Amino acid sequence: MTVRTDATTLDDGQRRELRRVAFATVIGTTIEWYDFFVYASAAGLVFGTLFFEPAGPAVATLLSFATVGISFLFRPLGAFLAGHFGDRLGRKTMLVVTLILMGAATTLIGLLPTYATIGIAAPMLLVLLRILQGLSTGGEWGGAVLMAVEHAPTGERGRMGAFPQIGVPIGLLLASGVLALMTGVISPGEAFLEWGWRVPFLLSVVLIVVGIVVRRAVEESPVFLEIAEKKAAAQTPVVTLFRKHWLLVLLAALTFAGNNAAGYMTTGGYLQNYATMPVGDGGLVGMDRTPVLLAVAGASVVWLVCTFAAGALSDRIGRRNTYIIGWIAFLATVFLLFPLVNTGNPWLLFVGVSLFAVGNGFTYGQQAAYFAELFPASIRYSGVSITYALGAILGGAFAPMIAAWLVQRTGTALSVAFYIAGVMVVAFAATLLLRDRTGIPLGPEHEAEQAESPIYGVTRA
């Protein structure tokens, strides 16, 4: 049973379908991002030692974080492919394909021999599998958010769009929790380096099976069904997107870049590395792995709550106003984070990351509905996917590596705070340049209205 996107009241059957869509999108994105964050956390904790040790501790750390960033460079390719086929063949098909690709790559990382076993081939294979993760992530997000937003009635798009968004903090919570269990209980100390780090990657097999079963049970997006019925799909959606809406893509990508650069201090594994690196090896704090992972896992709950609250609030006050609240919260806390981490106290670390998570949630929860309302129906999958992927490159791709380099050069994390604040200010400015389009009709019959530029001072995209 499809749900009309302009509905203000829904019958019981439509509500059940809406709940199935919400569940399917949050489960799928949770699995995708669990896989992604397990890698990022492992990069901060052990990959430098296991795959890049001959380079020395400092360079090994930079190389390990570089593999986190490399996957971002392939997100646009994943977004191009998934966007093209998602606009032509449907949202649902691409969601299953990207989930399988991510799960296969993650599982193979868990089986990968280290440098000590096969030499230079180990980091090369690691990079290859990380690239496959990047391709999957580039295509996953657009399909998940459009399934959620395009099924939703107009007044609930922000809330429904928040479901795939909360899959990100849930994924971080699961990744940090499983890693904390492995480092603190099942395989502490050297056992974690020897075999314990592999277990979280191998668990992906079970999660993928669950995700595929859930996703196959939901119906295709009603907007795409209308597009297919009217034969309104663009023949070359990516070409159309960049020919007519390139400036919109750039500005919207910059809004996400601020959130992504800040968020990847924790989700990209940098904070975990910063807090746990031994002082003798160039670290400044030297905490144990387990309390740091538990603090990050706890702060993920704060991020989750704020993300969902932002999505719901944006239905009431608009996407743009919710973003402004988030940027103010971010800028108010960015210079508190590292002083609290530097105390070496796990509870103060938790407080610092939790305060940071408020801004993270309020610049993320409304993003699904915000991006969906920016682009015309015929190129929407391409638009949201490519914009998201470009924003990730501009913001989070190499943020952990840049942060590690800044601390090595300056000897203080204050330089990282200034770097993150600078990216946030640019994102804030980009937000102010875009009109709020909350509630705009999403169906293909309103394509002309959707094509009107939301950029201040530009009459057409």
# chains A, B, ... in the order shown; residues from 1 in each chain; ligands from 1
$ residues_around --residues "region 270-287 of chain A" --least-positions-apart "5" --cutoff "10 Å" --atoms "only C-alpha atoms" --output "PyMOL selection string"
chain A and resi 40-46+56-58+61+65+176+264-265+292-293+295-296+337-338+341-346+349+353+399-404+407-408+411-413
$ residues_around --residues "region 432-437 of chain A" --least-positions-apart "5" --cutoff "10 Å" --atoms "only C-alpha atoms" --output "NGL selection string"
:A and (248 or 251-252 or 255 or 318-321 or 323-324 or 369-374 or 427 or 450 or 453-457)
$ write_last_selection --atoms "C-alpha atoms" --output "mmCIF file, in the first residue's frame"
data_model
loop_
_atom_site.group_PDB
_atom_site.id
_atom_site.type_symbol
_atom_site.label_atom_id
_atom_site.label_comp_id
_atom_site.auth_asym_id
_atom_site.auth_seq_id
_atom_site.Cartn_x
_atom_site.Cartn_y
_atom_site.Cartn_z
ATOM 1 C CA LEU A 248 22.789 24.332 -5.715
ATOM 2 C CA LEU A 251 26.079 25.138 -1.672
ATOM 3 C CA ALA A 252 24.146 22.186 -0.298
ATOM 4 C CA THR A 255 26.212 22.756 4.410
ATOM 5 C CA GLY A 318 11.547 24.692 9.022
ATOM 6 C CA ARG A 319 14.748 22.952 7.960
ATOM 7 C CA ARG A 320 16.812 26.132 7.700
ATOM 8 C CA ASN A 321 15.949 27.413 11.177
ATOM 9 C CA TYR A 323 20.178 24.172 10.926
ATOM 10 C CA ILE A 324 20.861 27.604 12.408
ATOM 11 C CA ALA A 369 14.028 16.126 4.168
ATOM 12 C CA TYR A 370 16.108 19.241 3.442
ATOM 13 C CA PHE A 371 18.028 17.649 0.552
ATOM 14 C CA ALA A 372 14.954 15.862 -0.845
ATOM 15 C CA GLU A 373 13.073 19.186 -1.044
ATOM 16 C CA LEU A 374 15.932 20.878 -2.898
ATOM 17 C CA ALA A 427 28.767 25.758 6.167
ATOM 18 C CA GLN A 450 10.738 22.056 -7.799
ATOM 19 C CA SER A 453 16.186 27.731 -7.559
ATOM 20 C CA PRO A 454 16.194 27.884 -3.737
ATOM 21 C CA ILE A 455 19.318 30.059 -3.832
ATOM 22 C CA TYR A 456 18.870 33.695 -2.796
ATOM 23 C CA GLY A 457 19.553 36.004 -5.721
#
$ closest_residue --among "A:Ile186, A:Ala368, A:Leu63, A:Ile208" --to "Pro123 (chain A)" --atoms "only C-alpha atoms"
A:Leu63
$ residues_around --residues "Val199 (chain A)" --least-positions-apart "2" --cutoff "10 Å" --atoms "only C-alpha atoms" --output "PDB file with C-alpha atoms, in the first residue's frame"
ATOM      1  CA  THR A 107      33.531  -9.194   6.093  1.00  0.00           C
ATOM      2  CA  GLY A 110      37.859  -9.183   8.938  1.00  0.00           C
ATOM      3  CA  LEU A 111      39.585 -12.027   7.062  1.00  0.00           C
ATOM      4  CA  VAL A 178      31.312  -4.091  20.176  1.00  0.00           C
ATOM      5  CA  LEU A 179      34.880  -2.774  20.073  1.00  0.00           C
ATOM      6  CA  MET A 182      36.361  -6.866  22.582  1.00  0.00           C
ATOM      7  CA  SER A 187      40.207  -9.934  23.912  1.00  0.00           C
ATOM      8  CA  PHE A 192      42.812  -7.588  20.537  1.00  0.00           C
ATOM      9  CA  TRP A 195      42.485 -11.558  16.608  1.00  0.00           C
ATOM     10  CA  GLY A 196      39.931  -9.540  18.591  1.00  0.00           C
ATOM     11  CA  TRP A 197      39.742  -6.671  16.087  1.00  0.00           C
ATOM     12  CA  PHE A 201      34.028  -7.037  11.002  1.00  0.00           C
ATOM     13  CA  LEU A 202      32.914 -10.661  10.749  1.00  0.00           C
ATOM     14  CA  LEU A 203      29.674  -9.911  12.625  1.00  0.00           C
ATOM     15  CA  SER A 204      28.618  -7.902   9.582  1.00  0.00           C
TER      16      SER A 204
END
$ residues_around --residues "Leu99 (chain A)" --least-positions-apart "4" --cutoff "10 Å" --atoms "only C-alpha atoms" --output "compact mmCIF listing (two decimals) with N, CA and C atoms, in the first residue's frame"
# COMPACT_ATOMS: atom_id res chain seq x y z
N GLY A 28 18.71 -0.56 7.78
CA GLY A 28 19.69 -0.58 6.71
C GLY A 28 20.83 0.39 6.93
N THR A 29 20.50 1.63 7.28
CA THR A 29 21.57 2.62 7.48
C THR A 29 22.39 2.30 8.73
N ILE A 31 23.21 -0.70 9.71
CA ILE A 31 24.16 -1.74 9.28
C ILE A 31 25.27 -1.13 8.43
N GLU A 32 24.89 -0.29 7.48
CA GLU A 32 25.89 0.35 6.62
C GLU A 32 26.91 1.12 7.46
N MET A 94 18.40 -0.32 -5.49
CA MET A 94 19.74 0.16 -5.17
C MET A 94 20.04 0.01 -3.68
N LEU A 95 19.02 0.09 -2.83
CA LEU A 95 19.24 -0.08 -1.39
C LEU A 95 19.76 -1.48 -1.08
N GLY A 103 28.47 -5.07 3.06
CA GLY A 103 28.65 -6.23 3.92
C GLY A 103 29.77 -7.14 3.45
N ALA A 104 29.86 -7.34 2.15
CA ALA A 104 30.91 -8.20 1.60
C ALA A 104 32.29 -7.59 1.85
N GLN A 133 33.82 -0.04 0.25
CA GLN A 133 32.95 0.55 1.27
C GLN A 133 32.53 1.96 0.87
N SER A 136 29.79 1.87 -1.79
CA SER A 136 28.51 1.51 -1.19
C SER A 136 27.90 2.68 -0.44
N THR A 137 28.69 3.34 0.39
CA THR A 137 28.17 4.45 1.18
C THR A 137 27.68 5.58 0.29
N GLY A 139 26.18 5.41 -2.49
CA GLY A 139 24.87 5.14 -3.05
C GLY A 139 23.79 4.86 -2.04
N GLU A 140 24.19 4.44 -0.84
CA GLU A 140 23.23 4.01 0.18
C GLU A 140 22.35 5.14 0.70
N LEU A 207 24.36 -9.18 10.28
CA LEU A 207 23.59 -7.94 10.13
C LEU A 207 23.09 -7.75 8.70
N ILE A 208 23.90 -8.13 7.73
CA ILE A 208 23.52 -7.95 6.33
C ILE A 208 22.29 -8.80 5.99
N VAL A 209 22.26 -10.04 6.46
CA VAL A 209 21.12 -10.92 6.20
C VAL A 209 19.84 -10.30 6.75
N GLY A 211 19.29 -7.11 7.34
CA GLY A 211 18.97 -5.90 6.58
C GLY A 211 18.31 -6.19 5.25
N ILE A 212 18.78 -7.20 4.53
CA ILE A 212 18.21 -7.54 3.23
C ILE A 212 16.77 -8.02 3.38
N ARG A 215 14.56 -4.93 4.16
CA ARG A 215 14.42 -3.98 3.06
C ARG A 215 13.58 -4.53 1.91
$ residues_around --residues "Glu17 (chain A)" --least-positions-apart "2" --cutoff "12 Å" --atoms "only C-alpha atoms" --output "VMD selection string"
chain A and resid 1 to 4 10 to 15 19 to 24 147 to 148 151 to 152 217 to 222
$ write_last_selection --atoms "C-alpha atoms" --output "PDB file, in the first residue's frame"
ATOM      1  CA  MET A   1       0.000   0.000   0.000  1.00  0.00           C
ATOM      2  CA  THR A   2       1.522   3.309  -1.035  1.00  0.00           C
ATOM      3  CA  VAL A   3       1.366   6.479   0.998  1.00  0.00           C
ATOM      4  CA  ARG A   4       0.373   9.706  -0.693  1.00  0.00           C
ATOM      5  CA  LEU A  10      -3.480   8.360   6.884  1.00  0.00           C
ATOM      6  CA  ASP A  11      -5.530   5.213   7.343  1.00  0.00           C
ATOM      7  CA  ASP A  12      -4.287   2.216   9.377  1.00  0.00           C
ATOM      8  CA  GLY A  13      -2.816   0.434   6.358  1.00  0.00           C
ATOM      9  CA  GLN A  14      -0.847   3.498   5.306  1.00  0.00           C
ATOM     10  CA  ARG A  15       0.434   3.969   8.853  1.00  0.00           C
ATOM     11  CA  ARG A  19       6.251   2.144  10.082  1.00  0.00           C
ATOM     12  CA  ARG A  20       7.705  -0.606   7.873  1.00  0.00           C
ATOM     13  CA  VAL A  21       9.545   2.002   5.797  1.00  0.00           C
ATOM     14  CA  ALA A  22      10.888   3.724   8.927  1.00  0.00           C
ATOM     15  CA  PHE A  23      12.096   0.412  10.340  1.00  0.00           C
ATOM     16  CA  ALA A  24      13.663  -0.704   7.060  1.00  0.00           C
ATOM     17  CA  MET A 147      12.369   5.948   0.634  1.00  0.00           C
ATOM     18  CA  ALA A 148      11.634   7.572   3.982  1.00  0.00           C
ATOM     19  CA  HIS A 151       6.632   7.846   1.604  1.00  0.00           C
ATOM     20  CA  ALA A 152       5.876  10.467   4.267  1.00  0.00           C
ATOM     21  CA  ALA A 217       9.631  -6.276   2.575  1.00  0.00           C
ATOM     22  CA  VAL A 218       8.883  -2.584   1.917  1.00  0.00           C
ATOM     23  CA  GLU A 219       7.206  -1.082  -1.137  1.00  0.00           C
ATOM     24  CA  GLU A 220       8.895   1.142  -3.685  1.00  0.00           C
ATOM     25  CA  SER A 221       8.721   4.910  -3.156  1.00  0.00           C
ATOM     26  CA  PRO A 222       5.331   6.295  -4.330  1.00  0.00           C
TER      27      PRO A 222
END
$ decode --residues "region 56-141 of chain A" --atoms "C-alpha atoms" --output "PDB file, in the first residue's frame"
ATOM      1  CA  GLY A  56      56.884   4.354  12.280  1.00  0.00           C
ATOM      2  CA  PRO A  57      54.142   5.381  14.776  1.00  0.00           C
ATOM      3  CA  ALA A  58      53.535   8.952  13.560  1.00  0.00           C
ATOM      4  CA  VAL A  59      53.498   8.207   9.822  1.00  0.00           C
ATOM      5  CA  ALA A  60      51.570   4.965  10.377  1.00  0.00           C
ATOM      6  CA  THR A  61      48.827   6.969  12.085  1.00  0.00           C
ATOM      7  CA  LEU A  62      48.609   9.375   9.135  1.00  0.00           C
ATOM      8  CA  LEU A  63      48.537   6.503   6.630  1.00  0.00           C
ATOM      9  CA  SER A  64      45.853   4.693   8.601  1.00  0.00           C
ATOM     10  CA  PHE A  65      43.656   7.794   8.638  1.00  0.00           C
ATOM     11  CA  ALA A  66      44.414   8.343   4.949  1.00  0.00           C
ATOM     12  CA  THR A  67      42.682   5.025   4.211  1.00  0.00           C
ATOM     13  CA  VAL A  68      39.613   6.418   5.985  1.00  0.00           C
ATOM     14  CA  GLY A  69      39.711   9.420   3.669  1.00  0.00           C
ATOM     15  CA  ILE A  70      40.414   7.490   0.461  1.00  0.00           C
ATOM     16  CA  SER A  71      36.989   5.867   0.560  1.00  0.00           C
ATOM     17  CA  PHE A  72      35.404   9.319   0.418  1.00  0.00           C
ATOM     18  CA  LEU A  73      37.011   9.956  -2.943  1.00  0.00           C
ATOM     19  CA  PHE A  74      35.020   7.040  -4.332  1.00  0.00           C
ATOM     20  CA  ARG A  75      31.729   8.073  -2.760  1.00  0.00           C
ATOM     21  CA  PRO A  76      30.861  10.326  -5.723  1.00  0.00           C
ATOM     22  CA  LEU A  77      31.317   7.383  -8.101  1.00  0.00           C
ATOM     23  CA  GLY A  78      28.972   5.315  -5.925  1.00  0.00           C
ATOM     24  CA  ALA A  79      26.588   8.263  -5.833  1.00  0.00           C
ATOM     25  CA  PHE A  80      26.753   8.695  -9.640  1.00  0.00           C
ATOM     26  CA  LEU A  81      26.018   5.024 -10.260  1.00  0.00           C
ATOM     27  CA  ALA A  82      23.337   4.626  -7.598  1.00  0.00           C
ATOM     28  CA  GLY A  83      21.812   7.993  -8.496  1.00  0.00           C
ATOM     29  CA  HIS A  84      21.599   7.124 -12.194  1.00  0.00           C
ATOM     30  CA  PHE A  85      20.070   3.700 -11.637  1.00  0.00           C
ATOM     31  CA  GLY A  86      18.002   4.873  -8.659  1.00  0.00           C
ATOM     32  CA  ASP A  87      16.379   7.582 -10.803  1.00  0.00           C
ATOM     33  CA  ARG A  88      15.912   5.116 -13.663  1.00  0.00           C
ATOM     34  CA  LEU A  89      15.157   1.771 -11.942  1.00  0.00           C
ATOM     35  CA  GLY A  90      13.960   2.689  -8.471  1.00  0.00           C
ATOM     36  CA  ARG A  91      15.104   3.405  -4.923  1.00  0.00           C
ATOM     37  CA  LYS A  92      14.463  -0.060  -3.467  1.00  0.00           C
ATOM     38  CA  THR A  93      16.717  -2.022  -5.853  1.00  0.00           C
ATOM     39  CA  MET A  94      19.740   0.157  -5.166  1.00  0.00           C
ATOM     40  CA  LEU A  95      19.237  -0.085  -1.394  1.00  0.00           C
ATOM     41  CA  VAL A  96      19.652  -3.866  -1.499  1.00  0.00           C
ATOM     42  CA  VAL A  97      22.654  -3.702  -3.868  1.00  0.00           C
ATOM     43  CA  THR A  98      24.560  -1.184  -1.718  1.00  0.00           C
ATOM     44  CA  LEU A  99      23.863  -3.160   1.455  1.00  0.00           C
ATOM     45  CA  ILE A 100      25.309  -6.360  -0.039  1.00  0.00           C
ATOM     46  CA  LEU A 101      28.393  -4.526  -1.340  1.00  0.00           C
ATOM     47  CA  MET A 102      29.130  -2.952   2.040  1.00  0.00           C
ATOM     48  CA  GLY A 103      28.649  -6.232   3.917  1.00  0.00           C
ATOM     49  CA  ALA A 104      30.907  -8.200   1.600  1.00  0.00           C
ATOM     50  CA  ALA A 105      33.731  -5.629   1.840  1.00  0.00           C
ATOM     51  CA  THR A 106      33.489  -5.426   5.627  1.00  0.00           C
ATOM     52  CA  THR A 107      33.531  -9.194   6.093  1.00  0.00           C
ATOM     53  CA  LEU A 108      36.586  -9.547   3.860  1.00  0.00           C
ATOM     54  CA  ILE A 109      38.452  -6.932   5.931  1.00  0.00           C
ATOM     55  CA  GLY A 110      37.859  -9.183   8.938  1.00  0.00           C
ATOM     56  CA  LEU A 111      39.585 -12.027   7.062  1.00  0.00           C
ATOM     57  CA  LEU A 112      42.482  -9.944   5.715  1.00  0.00           C
ATOM     58  CA  PRO A 113      46.083 -10.995   6.576  1.00  0.00           C
ATOM     59  CA  THR A 114      48.222  -8.237   8.132  1.00  0.00           C
ATOM     60  CA  TYR A 115      51.538  -6.729   6.999  1.00  0.00           C
ATOM     61  CA  ALA A 116      53.465  -9.202   9.150  1.00  0.00           C
ATOM     62  CA  THR A 117      51.929 -12.059   7.138  1.00  0.00           C
ATOM     63  CA  ILE A 118      51.863 -10.936   3.497  1.00  0.00           C
ATOM     64  CA  GLY A 119      53.833  -7.675   3.480  1.00  0.00           C
ATOM     65  CA  ILE A 120      52.870  -4.748   1.249  1.00  0.00           C
ATOM     66  CA  ALA A 121      49.922  -6.674  -0.216  1.00  0.00           C
ATOM     67  CA  ALA A 122      48.084  -6.274   3.114  1.00  0.00           C
ATOM     68  CA  PRO A 123      47.681  -2.462   3.058  1.00  0.00           C
ATOM     69  CA  MET A 124      46.960  -2.602  -0.689  1.00  0.00           C
ATOM     70  CA  LEU A 125      44.078  -5.039  -0.162  1.00  0.00           C
ATOM     71  CA  LEU A 126      42.881  -2.997   2.802  1.00  0.00           C
ATOM     72  CA  VAL A 127      42.669   0.113   0.613  1.00  0.00           C
ATOM     73  CA  LEU A 128      40.826  -1.815  -2.106  1.00  0.00           C
ATOM     74  CA  LEU A 129      38.183  -3.052   0.331  1.00  0.00           C
ATOM     75  CA  ARG A 130      37.887   0.432   1.823  1.00  0.00           C
ATOM     76  CA  ILE A 131      37.205   1.756  -1.686  1.00  0.00           C
ATOM     77  CA  LEU A 132      34.340  -0.744  -2.039  1.00  0.00           C
ATOM     78  CA  GLN A 133      32.949   0.550   1.269  1.00  0.00           C
ATOM     79  CA  GLY A 134      33.120   4.074  -0.133  1.00  0.00           C
ATOM     80  CA  LEU A 135      31.247   3.088  -3.300  1.00  0.00           C
ATOM     81  CA  SER A 136      28.509   1.507  -1.190  1.00  0.00           C
ATOM     82  CA  THR A 137      28.175   4.449   1.181  1.00  0.00           C
ATOM     83  CA  GLY A 138      27.974   6.880  -1.740  1.00  0.00           C
ATOM     84  CA  GLY A 139      24.865   5.137  -3.052  1.00  0.00           C
ATOM     85  CA  GLU A 140      23.229   4.013   0.184  1.00  0.00           C
ATOM     86  CA  TRP A 141      22.265   7.294   1.792  1.00  0.00           C
TER      87      TRP A 141
END
